[in-house]
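Peer 1: Here you go, one structure.
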Amino acid sequence: SELQSPCNLVCRLLLEKKQTNQYYCILIFSIYIFFNDTATTEIYTLSLHDALPISCGARLSVKIRAVDSASGELVSLAKAIQQEGADFLTIHPRTRHQGYWGVADWDLVKHVKEQVDIPIVGNGDLWYATDALRLMRSTGVDAVMIGRPSLRNPFLFRQIEELRAGLTAFVPGASDVVQHIRCLAELAKTALKRRPNGPEGALKEQIQFLLRSVPEPLRTSLRLRTMRAANVSEILSAIEPLSDVEQLDLAADGPLRLEDSPLNPTDTDLSMT
């Protein structure tokens, strides 16, 4: 195929660099390329658009994490990516060593945005709808990328769009979350029924994210009940006590602040009109 040769090139780079201890991570067509933190861009450059067939007309994006040393190295990497033809760049400002711990440093995103010309997409700890708008305002990014928070709050994108339109954001209640879990259960039974372990594992994983909005001690109790359930029917029975919770941490401004977000939530004018 037209992509076979570029894919082989990507795989060779991956094998060469995997012998080192620290990595940059670049995603191209779901293939990861790893660059050592100390590698020079002169030695390890790749004309990114050369990896695309001319006829596909696709836009090429790259996602990177923060490096473990100075922010200047992140800017240098961003500039190299821009020079090699990426159409836009997504930055997750938490390092590989941090993993899921700590809080994303949005100042790194702002610093890169000020130094490059291609569009920048900000990412990292956008747990609440107001976080997404604050990230855009405080860093000047062109868009945001949201991952795990959308599993925790499946209404997050709706809330962001409502805030951007100057509307009052929807506040999900316990009944909304329970209904969402029931929908997930039906999807799991249909789409995952042929999996060796059935649909239960995937459903339990989704519920663990959703339970992050539930205050303690009920959160731990529901997690244990869910994990002990043997089938989809028992899982749905296990989460029934969730229906009686009066307040979840799912409002746009994070009323309970069960998750850590960068900066203080002091911006009251969050419309983007």
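FYI, nothing fancy with the structure tokens labels: chains A, B, ... in order, residues from 1 per chain, ligands from 1 as they appear.
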Can you list, as a PyMOL selection string, every protein, DNA or RNA residue that comes within 8 Å of A:Phe155 when you count only C-alpha atoms, leaving out same-chain residues fewer than 4 positions away?

Peer 2: chain A and resi 150+159+170+172

Peer 1: Could you pull out the strand (DSSP E or B) residues of stretch 55-188 of chain A, going by DSSP on the backbone, and write them as a PyMOL selection string?

Peer 2: chain A and resi 61-66+88-95+120-123+143-145

Peer 1: Set the distance at 10 Å and use only C-alpha atoms: which residues neighbour stretch 215-217 of chain A once local chain neighbours fewer than 3 positions away are removed? I'd like the list as a ChimeraX atom specification.

Peer 2: /A:211-212,220-222,245,247-249,256,258
